[in-house]
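Dumped run_18.tsv below, it's TSV, C-alpha atoms:
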```
chain	number	residue	atom	x	y	z
A	1	MET	CA	-8.57	3.02	16.97
A	2	LEU	CA	-7.35	5.01	13.97
A	3	SER	CA	-7.34	3.06	10.72
A	4	VAL	CA	-3.77	4.01	9.89
A	5	LYS	CA	-0.27	2.60	9.77
A	6	VAL	CA	2.54	4.66	11.30
A	7	GLU	CA	6.17	4.19	10.31
A	8	THR	CA	9.04	5.79	12.22
A	9	GLU	CA	12.57	6.69	11.21
A	10	ASN	CA	13.94	3.97	13.49
A	11	GLN	CA	11.99	1.39	11.44
A	12	GLN	CA	9.17	0.70	13.87
A	13	THR	CA	5.70	0.08	12.44
A	14	HIS	CA	2.45	0.63	14.34
A	15	THR	CA	-0.84	-0.50	12.80
A	16	ARG	CA	-4.34	0.64	13.83
A	17	VAL	CA	-3.16	2.77	16.73
A	18	SER	CA	-5.23	4.71	19.24
A	19	GLU	CA	-5.17	8.50	19.33
A	20	ARG	CA	-3.25	8.26	22.60
A	21	ALA	CA	-0.62	5.95	21.07
A	22	LEU	CA	-0.21	8.27	18.10
A	23	GLY	CA	0.18	11.17	20.53
A	24	ASP	CA	2.91	9.29	22.37
A	25	LEU	CA	4.78	8.84	19.07
A	26	VAL	CA	4.41	12.53	18.17
A	27	HIS	CA	5.77	13.56	21.57
A	28	ARG	CA	8.59	11.00	21.36
A	29	ILE	CA	10.23	12.04	18.10
A	30	GLY	CA	13.05	14.54	18.00
A	31	GLY	CA	16.15	12.58	18.95
A	32	ARG	CA	18.88	11.44	16.58
A	33	GLY	CA	17.64	8.67	14.31
A	34	ASP	CA	14.06	9.19	15.47
A	35	ASN	CA	12.99	12.45	13.84
A	36	PHE	CA	9.92	11.63	11.77
A	37	LEU	CA	6.63	9.77	11.46
A	38	VAL	CA	4.89	8.82	8.21
A	39	VAL	CA	1.18	8.01	8.50
A	40	GLN	CA	-0.84	6.26	5.79
A	41	ARG	CA	-4.46	5.18	5.74
A	42	ILE	CA	-5.54	1.54	5.76
A	43	PRO	CA	-5.71	0.41	3.05
A	44	ASP	CA	-2.87	2.49	1.69
A	45	ILE	CA	-3.83	4.83	-1.15
A	46	PRO	CA	-0.65	5.59	-3.13
A	47	GLY	CA	0.36	9.23	-2.97
A	48	THR	CA	-1.84	9.90	0.07
A	49	PHE	CA	-0.18	10.41	3.46
A	50	ILE	CA	0.64	12.81	6.28
A	51	GLN	CA	4.04	13.05	7.92
A	52	VAL	CA	5.92	15.10	10.50
A	53	TRP	CA	9.59	15.98	11.09
A	54	HIS	CA	10.92	17.30	14.40
A	55	GLU	CA	14.28	17.97	16.04
A	56	THR	CA	14.46	18.52	19.78
A	57	GLY	CA	14.45	22.24	20.53
A	58	ALA	CA	12.86	23.17	17.21
A	59	GLY	CA	9.35	23.20	15.79
A	60	TYR	CA	7.50	20.60	13.74
A	61	THR	CA	7.24	20.42	9.96
A	62	VAL	CA	4.02	18.72	8.88
A	63	GLU	CA	3.46	17.63	5.27
A	64	HIS	CA	0.52	15.94	3.63
A	65	ARG	CA	-0.17	14.80	0.11
A	66	ALA	CA	-3.23	13.82	-1.88
A	67	GLY	CA	-2.34	12.39	-5.27
A	68	SER	CA	0.02	14.35	-7.50
A	69	ALA	CA	3.07	16.38	-6.53
A	70	ALA	CA	0.94	19.53	-6.77
A	71	GLY	CA	-1.07	18.20	-3.83
A	72	HIS	CA	2.01	17.87	-1.60
A	73	VAL	CA	2.00	20.75	0.91
A	74	ARG	CA	3.79	21.62	4.15
A	75	ALA	CA	3.31	23.77	7.25
A	76	ASP	CA	5.38	24.73	10.29
A	77	VAL	CA	3.70	23.93	13.61
A	78	ASP	CA	5.01	24.80	17.09
A	79	ASP	CA	2.83	22.61	19.30
A	80	PRO	CA	2.90	18.77	19.31
A	81	GLU	CA	-0.76	18.74	20.34
A	82	ARG	CA	-1.59	20.72	17.18
A	83	VAL	CA	0.40	18.14	15.18
A	84	LEU	CA	-1.64	15.36	16.80
A	85	GLY	CA	-4.88	17.21	16.02
A	86	LEU	CA	-3.92	17.53	12.36
A	87	MET	CA	-2.95	13.88	12.10
A	88	THR	CA	-6.06	12.51	13.80
A	89	GLY	CA	-8.31	14.82	11.77
A	90	TRP	CA	-6.61	13.61	8.60
A	91	ALA	CA	-6.91	9.97	9.69
A	92	ARG	CA	-10.63	10.33	10.38
A	93	GLN	CA	-11.13	12.41	7.20
A	94	GLU	CA	-12.90	15.09	9.23
A	95	PRO	CA	-14.25	18.01	7.14
A	96	GLY	CA	-11.97	21.03	7.45
A	97	TRP	CA	-9.30	19.11	9.38
A	98	ASP	CA	-6.56	21.22	7.77
A	99	GLY	CA	-8.20	24.59	8.47
A	100	GLY	CA	-6.49	27.22	10.60
A	101	THR	CA	-3.05	26.17	9.37
A	102	VAL	CA	-0.99	28.00	6.75
A	103	TRP	CA	0.02	25.47	4.10
A	104	GLU	CA	2.47	26.04	1.26
A	105	SER	CA	3.71	23.94	-1.61
A	106	ALA	CA	6.45	21.49	-0.62
A	107	GLY	CA	8.09	22.11	-4.01
A	108	ILE	CA	8.00	18.48	-5.12
A	109	PRO	CA	8.49	18.28	-8.92
A	110	GLU	CA	6.14	16.26	-11.09
A	111	PRO	CA	7.75	12.99	-12.20
A	112	ASP	CA	8.78	12.42	-15.79
A	113	PRO	CA	6.34	10.45	-17.99
A	114	VAL	CA	6.80	6.68	-17.64
A	115	PRO	CA	7.37	4.71	-20.87
A	116	GLU	CA	4.79	2.02	-21.66
A	117	LEU	CA	5.83	-1.57	-21.03
A	118	PRO	CA	5.74	-4.00	-23.98
A	119	ALA	CA	2.51	-5.99	-23.90
A	120	GLU	CA	4.19	-9.35	-23.26
A	121	ILE	CA	6.22	-8.05	-20.32
A	122	ARG	CA	3.23	-6.19	-18.91
A	123	GLY	CA	1.10	-9.34	-19.08
A	124	GLN	CA	3.64	-11.48	-17.22
A	125	LEU	CA	4.17	-8.80	-14.61
A	126	GLU	CA	0.47	-8.16	-14.04
A	127	ALA	CA	-0.16	-11.88	-13.50
A	128	ARG	CA	2.52	-12.09	-10.81
A	129	VAL	CA	1.48	-8.89	-9.04
A	130	ARG	CA	-2.17	-10.00	-8.98
A	131	GLU	CA	-1.09	-13.27	-7.32
A	132	LEU	CA	0.74	-11.33	-4.62
A	133	LEU	CA	-2.18	-8.95	-4.16
A	134	ARG	CA	-4.47	-11.94	-3.57
A	135	GLY	CA	-2.06	-13.07	-0.86
A	136	GLY	CA	-2.63	-9.70	0.76
A	137	TYR	CA	0.55	-9.16	2.78
A	138	GLY	CA	2.59	-6.92	0.48
A	139	SER	CA	2.83	-3.14	0.39
A	140	VAL	CA	3.11	-0.88	-2.63
A	141	ARG	CA	6.83	-0.55	-1.86
A	142	THR	CA	7.56	-4.28	-1.51
A	143	LEU	CA	5.43	-5.21	-4.51
A	144	THR	CA	7.23	-2.58	-6.59
A	145	GLU	CA	10.58	-4.08	-5.61
A	146	THR	CA	9.32	-7.55	-6.56
A	147	ALA	CA	7.92	-6.35	-9.89
A	148	GLU	CA	11.13	-4.54	-10.77
A	149	ASP	CA	13.21	-7.68	-10.13
A	150	TYR	CA	10.77	-10.33	-11.37
A	151	LEU	CA	11.88	-10.59	-15.01
A	152	VAL	CA	15.59	-9.81	-14.57
A	153	LYS	CA	17.70	-12.27	-16.56
A	154	ASP	CA	21.46	-12.28	-17.15
A	155	GLY	CA	21.71	-8.84	-15.61
A	156	VAL	CA	19.17	-7.32	-18.03
A	157	ARG	CA	16.38	-5.35	-16.30
A	158	PRO	CA	13.39	-5.02	-18.66
A	159	VAL	CA	11.31	-3.11	-16.10
A	160	SER	CA	12.38	0.18	-14.52
A	161	HIS	CA	11.47	1.17	-10.98
A	162	ALA	CA	9.06	3.82	-12.29
A	163	GLN	CA	7.35	1.30	-14.62
A	164	ALA	CA	7.04	-1.22	-11.80
A	165	ARG	CA	5.64	1.39	-9.44
A	166	GLU	CA	3.05	2.62	-11.95
A	167	LEU	CA	1.84	-0.93	-12.68
A	168	VAL	CA	1.71	-1.89	-8.98
A	169	GLU	CA	-0.20	1.26	-8.01
A	170	ARG	CA	-2.78	0.66	-10.73
A	171	LEU	CA	-3.38	-2.97	-9.72
A	172	TRP	CA	-3.29	-2.07	-6.02
A	173	LEU	CA	-6.08	0.46	-6.44
A	174	GLU	CA	-8.13	-2.09	-8.40
A	175	ARG	CA	-7.80	-4.51	-5.48
A	176	VAL	CA	-8.71	-1.79	-2.96
A	177	GLU	CA	-11.93	-1.18	-4.90
A	178	GLU	CA	-12.70	-4.91	-4.87
A	179	GLN	CA	-12.30	-5.18	-1.12
A	180	ARG	CA	-14.62	-2.26	-0.47
A	181	LEU	CA	-17.40	-4.75	-1.31
A	182	TRP	CA	-16.30	-7.17	1.44
A	183	ALA	CA	-18.80	-6.11	4.07
A	184	ASP	CA	-18.65	-9.44	5.91
A	185	VAL	CA	-15.92	-10.89	8.12
A	186	THR	CA	-13.52	-12.83	5.90
A	187	ASP	CA	-11.53	-15.95	6.73
A	188	PRO	CA	-8.24	-13.98	6.89
A	189	ASP	CA	-9.99	-11.60	9.34
A	190	ARG	CA	-10.87	-14.62	11.50
A	191	LEU	CA	-7.31	-15.91	11.24
A	192	GLU	CA	-5.84	-12.54	12.25
A	193	ARG	CA	-8.09	-12.37	15.31
A	194	ALA	CA	-7.28	-15.94	16.29
A	195	PHE	CA	-3.55	-15.28	16.00
A	196	ALA	CA	-3.89	-12.13	18.10
A	197	GLU	CA	-5.66	-14.16	20.80
A	198	LEU	CA	-3.00	-16.87	20.72
A	199	ASP	CA	-0.22	-14.29	20.92
A	200	GLY	CA	-1.89	-12.82	23.99
A	201	ARG	CA	-2.01	-16.27	25.57
A	202	GLY	CA	1.74	-16.72	25.29
A	203	ILE	CA	1.88	-18.57	21.98
A	204	THR	CA	3.95	-16.58	19.49
A	205	ALA	CA	1.68	-16.40	16.44
A	206	ARG	CA	3.00	-15.01	13.16
A	207	GLU	CA	1.33	-14.68	9.76
A	208	HIS	CA	3.26	-14.79	6.49
A	209	PHE	CA	6.45	-15.38	8.49
A	210	THR	CA	9.72	-15.89	6.55
A	211	CYS	CA	10.17	-17.58	3.18
A	212	CYS	CA	9.90	-21.26	4.18
A	213	ARG	CA	9.39	-23.72	7.03
A	214	SER	CA	13.10	-24.10	7.73
A	215	CYS	CA	13.69	-20.37	8.11
A	216	GLY	CA	10.52	-19.99	10.15
A	217	MET	CA	11.53	-22.72	12.60
A	218	SER	CA	14.96	-21.15	13.10
A	219	GLU	CA	13.70	-17.59	13.53
A	220	ILE	CA	10.45	-18.00	15.51
A	221	TYR	CA	12.27	-18.67	18.79
A	222	ALA	CA	13.62	-15.11	18.90
A	223	ASP	CA	10.53	-13.34	17.57
A	224	GLY	CA	8.04	-13.34	20.42
A	225	ARG	CA	7.79	-12.62	24.13
A	226	GLU	CA	10.45	-14.04	26.40
A	227	ASP	CA	7.81	-15.88	28.42
A	228	ALA	CA	6.10	-17.46	25.39
A	229	ARG	CA	5.31	-21.17	25.81
A	230	GLY	CA	5.20	-22.05	22.13
A	231	PHE	CA	4.54	-20.84	18.62
A	232	VAL	CA	2.46	-21.14	15.48
A	233	PHE	CA	3.20	-19.63	12.07
A	234	PHE	CA	2.78	-19.97	8.33
A	235	HIS	CA	5.28	-18.79	5.73
A	236	LEU	CA	4.88	-16.98	2.43
A	237	GLN	CA	4.62	-20.18	0.37
A	238	CYS	CA	1.72	-21.20	2.60
A	239	THR	CA	0.11	-17.82	1.91
A	240	GLU	CA	0.38	-18.35	-1.84
A	241	SER	CA	-1.17	-21.79	-1.48
A	242	ALA	CA	-4.10	-20.38	0.50
A	243	ALA	CA	-4.61	-17.55	-1.98
A	244	ALA	CA	-4.70	-20.12	-4.80
A	245	GLY	CA	-7.47	-22.05	-3.02
A	246	HIS	CA	-5.42	-24.95	-1.60
A	247	GLY	CA	-5.84	-24.34	2.14
A	248	LEU	CA	-3.30	-23.15	4.68
A	249	THR	CA	-0.65	-25.16	6.52
A	250	LEU	CA	0.30	-24.05	10.04
A	251	TYR	CA	3.49	-25.05	11.85
A	252	TYR	CA	3.54	-25.06	15.64
A	253	GLY	CA	5.54	-26.27	18.60
A	254	GLY	CA	6.64	-25.79	22.18
A	255	PHE	CA	9.72	-23.84	23.09
A	256	ASP	CA	10.94	-26.64	25.38
A	257	ASP	CA	11.05	-28.92	22.29
A	258	SER	CA	9.09	-31.69	24.05
A	259	ALA	CA	6.42	-33.71	22.25
A	260	GLU	CA	4.04	-33.13	25.16
A	261	THR	CA	4.28	-29.33	24.99
A	262	THR	CA	4.08	-29.37	21.20
A	263	ALA	CA	0.88	-31.45	21.32
A	264	ALA	CA	-0.58	-29.14	23.98
A	265	VAL	CA	0.21	-26.08	21.88
A	266	GLY	CA	-1.33	-27.80	18.86
A	267	ARG	CA	-4.54	-28.49	20.77
A	268	GLU	CA	-4.76	-24.89	21.95
A	269	VAL	CA	-4.11	-23.53	18.46
A	270	ALA	CA	-6.70	-25.84	16.92
A	271	ALA	CA	-9.29	-24.90	19.54
A	272	VAL	CA	-8.81	-21.14	19.07
A	273	LEU	CA	-8.91	-21.41	15.29
A	274	GLY	CA	-12.03	-23.56	15.41
A	275	GLY	CA	-13.63	-21.14	17.84
A	276	ALA	CA	-12.94	-18.35	15.36
A	277	GLY	CA	-15.07	-20.14	12.77
A	278	LEU	CA	-12.30	-21.74	10.71
A	279	THR	CA	-12.28	-25.37	9.56
A	280	VAL	CA	-9.36	-27.20	11.20
A	281	GLU	CA	-7.96	-30.58	10.12
A	282	TRP	CA	-5.45	-32.15	12.54
A	283	ASP	CA	-5.20	-35.64	13.98
A	284	GLY	CA	-3.66	-34.53	17.28
A	285	SER	CA	-0.18	-35.82	16.46
A	286	PRO	CA	2.67	-33.41	17.34
A	287	ASP	CA	4.42	-34.64	14.19
A	288	LYS	CA	1.67	-33.40	11.86
A	289	ALA	CA	1.02	-29.84	10.73
A	290	ILE	CA	-2.37	-28.22	11.30
A	291	GLU	CA	-4.36	-27.60	8.13
A	292	LEU	CA	-7.06	-24.99	7.54
A	293	THR	CA	-9.36	-26.10	4.74
A	294	GLY	CA	-12.24	-24.61	2.79
A	295	LEU	CA	-10.83	-21.10	3.08
A	296	ASP	CA	-12.28	-18.16	1.17
A	297	TRP	CA	-9.05	-16.19	1.02
A	298	ARG	CA	-10.01	-12.51	0.89
A	299	LYS	CA	-7.15	-10.82	2.72
A	300	ARG	CA	-7.60	-7.09	3.18
A	301	LEU	CA	-4.68	-4.96	2.03
A	302	VAL	CA	-2.95	-2.75	4.55
A	303	GLY	CA	0.15	-1.43	2.78
```
Please lay out the structure from this file as structure tokens.
Amino acid sequence: MLSVKVETENQQTHTRVSERALGDLVHRIGGRGDNFLVVQRIPDIPGTFIQVWHETGAGYTVEHRAGSAAGHVRADVDDPERVLGLMTGWARQEPGWDGGTVWESAGIPEPDPVPELPAEIRGQLEARVRELLRGGYGSVRTLTETAEDYLVKDGVRPVSHAQARELVERLWLERVEEQRLWADVTDPDRLERAFAELDGRGITAREHFTCCRSCGMSEIYADGREDARGFVFFHLQCTESAAAGHGLTLYYGGFDDSAETTAAVGREVAAVLGGAGLTVEWDGSPDKAIELTGLDWRKRLVG
């Protein structure tokens, strides 16, 4: 698998794809509303990406960037297989991956200098962004939007988009460096694998799903496979609780709304989570949420 995230113009996201799957996406693009792919590494490094644009009957325009606007270059490519070769070489960071292709500047101007934030505002904003980074589910884009809106009061916006972006990118890169030291399997890694197993078994399993329990319960029914038997999820407030060291609450149920199915789903969820090495607290009652305790919440950023 390639350690990348691929976003398409039609708002599909594909994470940790195989070379074959990436090739299918490259060959697919070209139709109206589905003209481009943007590929980032995992974890995302701001200002580092490769992307391609294609219209049916025409060639491919490939761009990649490493850091500043001066490092943003483009090339015209005729063959989708050559596009795939460039993208997989970039993803694997192969030496000389961009050789044999004529690159030119994409003409992206350098941004204007960003004014410094007042110390008090910067301190409040950094504290909130660090909390969200510990949660681990945001991207640079979503965290920037949150930071820009966080201190708005009475219509006054003390933080510009550029200031929010600069602060988020700096703290994001700090967190990326921290997680490079996480050589072991973390509890969020175990949780992700357990949820993937449950999803494959026909239990719709969603992490960091919606803003609250009420919204999650109303939306989970339409989110998974049509043949799913039940569900399990936790919402963003649960994530913040886990990141703060207070454990993680999981909500579950059966799609037939019976107590028997709900209890059966609960038992299956608890067994898979326990088998993944997580500490599960649940008394078996379909009326009680499942709790994961003693978590060491080190969630790896994706972006």
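CA of Asp79 in chain A to CA of Val39 in chain A spans 18.2 Å [interatomic distance, one decimal].
Distance annotation: of A:Glu9, A:Leu132, A:Gly67, A:Asp296, the residue with the minimal separation from Glu240 in chain A is A:Leu132; atom set is only C-alpha atoms.
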Requested in this report: Rank nothing, just name the residue among A:Glu148, A:Asp98, A:Asp78, A:Asp227 nearest to Arg201 in chain A, using all atoms listed in the file.
Outcome: A:Asp227
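The space separating CA of Leu191 in chain A from CA of Thr144 in chain A comes to 26.6 Å.
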**Report entry** Distance query Thr293 in chain A at most 10 Å, only C-alpha atoms, self and fewer than 4 positions along chain excluded, as a PyMOL selection string
**Finding:** chain A and resi 242+245-249+278-281
Query raised in the report: Of the candidates A:Val159, A:Leu86, A:Ala91, A:Leu236, which one gets nearest to Pro118 in chain A if we count all atoms listed in the file?
Result: A:Val159
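Comparing A:Ser214, A:Ser139, A:Thr239, A:Thr262 by their smallest distance to Leu301 in chain A, the closest is A:Ser139 (using all atoms listed in the file).
For the pair CA of Val269 in chain A and CA of Phe231 in chain A, the separation is 9.1 Å.
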Let me have the centre and edge lengths of the axis-aligned box enclosing all listed atoms of range 55-60 of chain A with 3 Å padding on every side, in Å to one decimal, as lines of an AutoDock Vina configuration file.
```
center_x = 11.0
center_y = 20.6
center_z = 17.1
size_x = 13.0
size_y = 11.2
size_z = 12.8
```
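In this comparison, which uses all atoms listed in the file, the residue of A:Gly136, A:Gly85, A:Pro46, A:Gly284 approaching Ala259 in chain A most closely is A:Gly284.
Nearest-residue note for Arg28 in chain A: choosing from A:Val52, A:Leu171, A:Val185, A:Ala119, the minimum distance belongs to A:Val52, counting only C-alpha atoms.
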Can you sort out range 68-100 of chain A so it carries N, CA and C atoms, written as a CSV table (one decimal), in the frame of the given file?
```
chain,number,residue,atom,x,y,z
A,68,SER,N,-1.1,13.9,-6.7
A,68,SER,CA,0.0,14.4,-7.5
A,68,SER,C,0.9,15.2,-6.7
A,69,ALA,N,2.1,15.5,-7.2
A,69,ALA,CA,3.1,16.4,-6.5
A,69,ALA,C,2.5,17.7,-6.2
A,70,ALA,N,1.6,18.2,-7.0
A,70,ALA,CA,0.9,19.5,-6.8
A,70,ALA,C,0.1,19.5,-5.5
A,71,GLY,N,-0.3,18.3,-5.1
A,71,GLY,CA,-1.1,18.2,-3.8
A,71,GLY,C,-0.2,17.9,-2.6
A,72,HIS,N,1.1,18.1,-2.7
A,72,HIS,CA,2.0,17.9,-1.6
A,72,HIS,C,2.3,19.2,-1.0
A,73,VAL,N,1.8,19.5,0.3
A,73,VAL,CA,2.0,20.8,0.9
A,73,VAL,C,2.6,20.6,2.3
A,74,ARG,N,3.1,21.7,2.9
A,74,ARG,CA,3.8,21.6,4.2
A,74,ARG,C,3.4,22.8,5.0
A,75,ALA,N,3.6,22.7,6.3
A,75,ALA,CA,3.3,23.8,7.2
A,75,ALA,C,4.2,23.6,8.5
A,76,ASP,N,4.6,24.7,9.0
A,76,ASP,CA,5.4,24.7,10.3
A,76,ASP,C,4.4,24.9,11.5
A,77,VAL,N,4.6,24.0,12.4
A,77,VAL,CA,3.7,23.9,13.6
A,77,VAL,C,4.6,23.9,14.9
A,78,ASP,N,4.2,24.7,15.9
A,78,ASP,CA,5.0,24.8,17.1
A,78,ASP,C,4.6,23.8,18.1
A,79,ASP,N,3.4,23.4,18.2
A,79,ASP,CA,2.8,22.6,19.3
A,79,ASP,C,2.6,21.1,18.9
A,80,PRO,N,3.1,20.2,19.6
A,80,PRO,CA,2.9,18.8,19.3
A,80,PRO,C,1.4,18.4,19.4
A,81,GLU,N,0.7,19.0,20.3
A,81,GLU,CA,-0.8,18.7,20.3
A,81,GLU,C,-1.5,19.2,19.1
A,82,ARG,N,-1.0,20.3,18.5
A,82,ARG,CA,-1.6,20.7,17.2
A,82,ARG,C,-1.2,19.7,16.1
A,83,VAL,N,0.0,19.2,16.1
A,83,VAL,CA,0.4,18.1,15.2
A,83,VAL,C,-0.5,16.9,15.3
A,84,LEU,N,-0.8,16.5,16.6
A,84,LEU,CA,-1.6,15.4,16.8
A,84,LEU,C,-3.0,15.7,16.3
A,85,GLY,N,-3.6,16.9,16.5
A,85,GLY,CA,-4.9,17.2,16.0
A,85,GLY,C,-5.0,17.1,14.5
A,86,LEU,N,-3.9,17.6,13.8
A,86,LEU,CA,-3.9,17.5,12.4
A,86,LEU,C,-3.9,16.1,11.9
A,87,MET,N,-3.1,15.3,12.5
A,87,MET,CA,-3.0,13.9,12.1
A,87,MET,C,-4.2,13.1,12.4
A,88,THR,N,-4.8,13.3,13.5
A,88,THR,CA,-6.1,12.5,13.8
A,88,THR,C,-7.2,13.0,12.9
A,89,GLY,N,-7.3,14.3,12.7
A,89,GLY,CA,-8.3,14.8,11.8
A,89,GLY,C,-8.2,14.3,10.4
A,90,TRP,N,-6.9,14.2,9.9
A,90,TRP,CA,-6.6,13.6,8.6
A,90,TRP,C,-7.0,12.1,8.6
A,91,ALA,N,-6.6,11.4,9.6
A,91,ALA,CA,-6.9,10.0,9.7
A,91,ALA,C,-8.4,9.7,9.6
A,92,ARG,N,-9.2,10.5,10.3
A,92,ARG,CA,-10.6,10.3,10.4
A,92,ARG,C,-11.3,11.0,9.2
A,93,GLN,N,-10.6,11.7,8.4
A,93,GLN,CA,-11.1,12.4,7.2
A,93,GLN,C,-12.2,13.4,7.6
A,94,GLU,N,-11.9,14.1,8.7
A,94,GLU,CA,-12.9,15.1,9.2
A,94,GLU,C,-13.0,16.3,8.3
A,95,PRO,N,-14.1,16.8,8.0
A,95,PRO,CA,-14.2,18.0,7.1
A,95,PRO,C,-13.5,19.2,7.8
A,96,GLY,N,-12.7,19.9,7.0
A,96,GLY,CA,-12.0,21.0,7.4
A,96,GLY,C,-10.8,20.7,8.4
A,97,TRP,N,-10.3,19.5,8.4
A,97,TRP,CA,-9.3,19.1,9.4
A,97,TRP,C,-8.0,20.0,9.2
A,98,ASP,N,-7.8,20.5,8.0
A,98,ASP,CA,-6.6,21.2,7.8
A,98,ASP,C,-6.8,22.7,7.9
A,99,GLY,N,-7.9,23.2,8.3
A,99,GLY,CA,-8.2,24.6,8.5
A,99,GLY,C,-7.4,25.2,9.6
A,100,GLY,N,-7.2,26.5,9.5
A,100,GLY,CA,-6.5,27.2,10.6
A,100,GLY,C,-5.0,27.0,10.6
```
